[in-house]
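Step one of this worksheet: look at the structure below.
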Amino acid sequence: MAAVYKSLSKGANGQKAEAPANGVRKNKQRVLILSSRGVTCRHRHLLNDLAAMIPHGRKDAKFDQKSKLHELNELSELYNCNNVLFFEARKGRDLYVWLSKVPNGPTVKMHLQNLHTMEELHFTGNCLKGSRPIISFDTAFDKEPYLKVIKELFLHTFGVPQGARKSKPFVDRVMGFTVADGKIWVRNYQIKESEPSKSNPGQEGETETGPKPTKGRNKEPDVSLVEIGARFVLTPIIIQEGSFGGPIIYENKEFVSPNQVRSDLRRKLATKHNARTEQYVERLAKKGDLGLRTNGGKPAPVDALDTRQLFA
């Protein structure tokens with residue numbers, strides 16, 4: 001009955017305006033956070049850390065499919081989410097991160113490396129759970145077109161809207177995104193405010209030339225950054241035009257798959273083993289040709305003065 005009354009009252013008062021009277025459009029973002037099957041404990045702890053830093057997110061159970069990722073669009077619409085943060089685990093060791101804007105895209109796939117959770121780091125930094133962060137980006141994000149797309153996806157995913165669900169009206173941390181060596185380095189810091197250090201001017205022959213320090217509450221506190229965690233490194237792989245589908249608008253040609261790296265290492269070790277085996281076979285053949293082997297190889301020539309020939 002309450003819903004019927006509300007709809008009738010809206011119809012009586014006229015249609016609802018799309019934008020507020022002051023012209024400021026409300027930022028409505030909601031993120032669906034989930035992972036695939038096969039994630040390790042470290043991957044799961046990192047996902048929990050990110051979910052704690054995204055109060056406007058909705059954490060869901062593990063997703064069974066790894067090939068039909070377009071089904072995540074229907075799942076996000078079911079939970080009324082317009083962003084998706086998906087962790088895809090491969091072979092129990094490789095972790096890929098998908099960031100998508102539902103339903104029209106774009107979608108970026110990144111390889112996550114060098115992850116360290118909050119429990120591993122034991123940093124002294126701390127912040128209020130559900131607080132809004134200051135998103136800090138490197139100047140390199142404004143130079144390349146694909147980095148601009150990734151920057152917008154980071155803003156929509158990690159930027160907590162004002163008045164979001166489970167969020168607190170405080171800004172006491174900074175999330176930093178830096179580009180170096182073709183990778184994106186992610187750090188999380190606490191904004192720490194402390195009282196300024198007390199100094200006694202005029203001692204040891206010094207004279208006070210500046211204005212006198214103000215008393216009490218007018219002193220500006222010293223602001224510093226203390227790292228909280230978690231920290232990780234992202235390597236962009238591809239960017240798709242649609243949400244978990246569509247044409248590829250960017251591809252990182254310099255990215256080497258971790259499977260290829262492990263395959264090259266195994267092939268290098270196998271090459272060393274094959275070289276040693278070939279040397280062993282050549283050494284046996286040479287001994288056989290010289291008649292130094294009792295079994296196998298070329299037989300030694302018969303000597304007429306041999307005792308076995310003389311007293312046969």
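Residues in the structure tokens are named by chain (A, B, ... in the order shown) and by number from 1 within that chain; ligands are numbered from 1 in the order shown.
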
Let's see if you can do this: from backbone DSSP, list all helix (DSSP H, G or I) residues in stretch 224-265 of chain A, as a list in words.
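DSSP-assigned helix (DSSP H, G or I) residues in stretch 224-265 of chain A: Pro258, Asn259, Gln260, Val261, Arg262, Ser263, Asp264 and Leu265 of chain A.
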
Find the residue from A:Cys81, A:Asp172, A:Thr139, A:Glu88 that sits nearest to A:Ser67; use only C-alpha atoms when measuring.
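Selected residue with least distance to A:Ser67: A:Glu88.
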
Enumerate, as a PyMOL selection string, the complete set of residues in stretch 73-230 of chain A that a backbone-based DSSP assignment places in strand (DSSP E or B).
chain A and resi 83-90+94-101+107-116+133-137+173-180+183-194+222-227

Suppose you want the space between atom CA of A:Met118 and atom CA of A:Cys41; what is it in Å?
13.1 Å

Which residues, written as a PyMOL selection string, have at least one atom at most 6 Å from A:Asn83, with only C-alpha atoms counted and residues fewer than 4 positions away on the same chain left out?
chain A and resi 31+100-102

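The residue that comes closest to A:Ala52, out of A:His156, A:Arg30, A:Lys129, A:Arg276 and on the basis of only C-alpha atoms, is A:Lys129.
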
Would you compute the distance between atom CA of A:Lys109 and atom CA of A:Lys68? Give it in Å to one decimal.
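Atom CA of A:Lys68 lies at a distance of 14.8 Å from atom CA of A:Lys109.
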
Could you list, as JSON, numbers by chain, every residue within 12 Å of stretch 72-78 of chain A, counting only C-alpha atoms and ignoring same-chain residues fewer than 5 positions away?
{"A": [30, 31, 32, 33, 34, 35, 36, 57, 58, 59, 60, 61, 62, 63, 64, 65, 66, 67, 83, 84, 85, 86, 98, 99, 100, 101, 102, 103, 104, 105, 107, 242, 243, 244, 245]}

A:Gln113, A:Ser224, A:Asn259, A:Asn48: which is nearest A:Arg90, counting only C-alpha atoms?
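Result for the nearest residue to A:Arg90: A:Asn259.
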
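Between A:Val233 and the residues A:Thr271, A:Thr307, A:Thr40, A:Asn114, the shortest atom-to-atom distance, using only C-alpha atoms, involves A:Asn114.
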
Name the residues in contact with A:Val186 at a cut-off of 12 Å, using only C-alpha atoms, excluding same-chain residues fewer than 6 positions from it; report them as a list in words.
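Selected residues are Leu50, Leu112, Gln113, Asn114, Leu115, His116, Ile135, Ser136, Phe137, Asp138, Phe154, Phe158, Val174, Met175, Gly176, Phe177, Thr178, Val179, Ala180, Glu227, Ile228, Gly229, Ala230, Arg231, Phe232, Val233, Leu234 and Thr235 of chain A.
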
Which of these, A:Leu310, A:Ile54, A:Val223, A:Ile249, has the shortest distance to A:Val149 once you count only C-alpha atoms?
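Looking only at the distances to A:Val149, the closest residue turns out to be A:Ile249.
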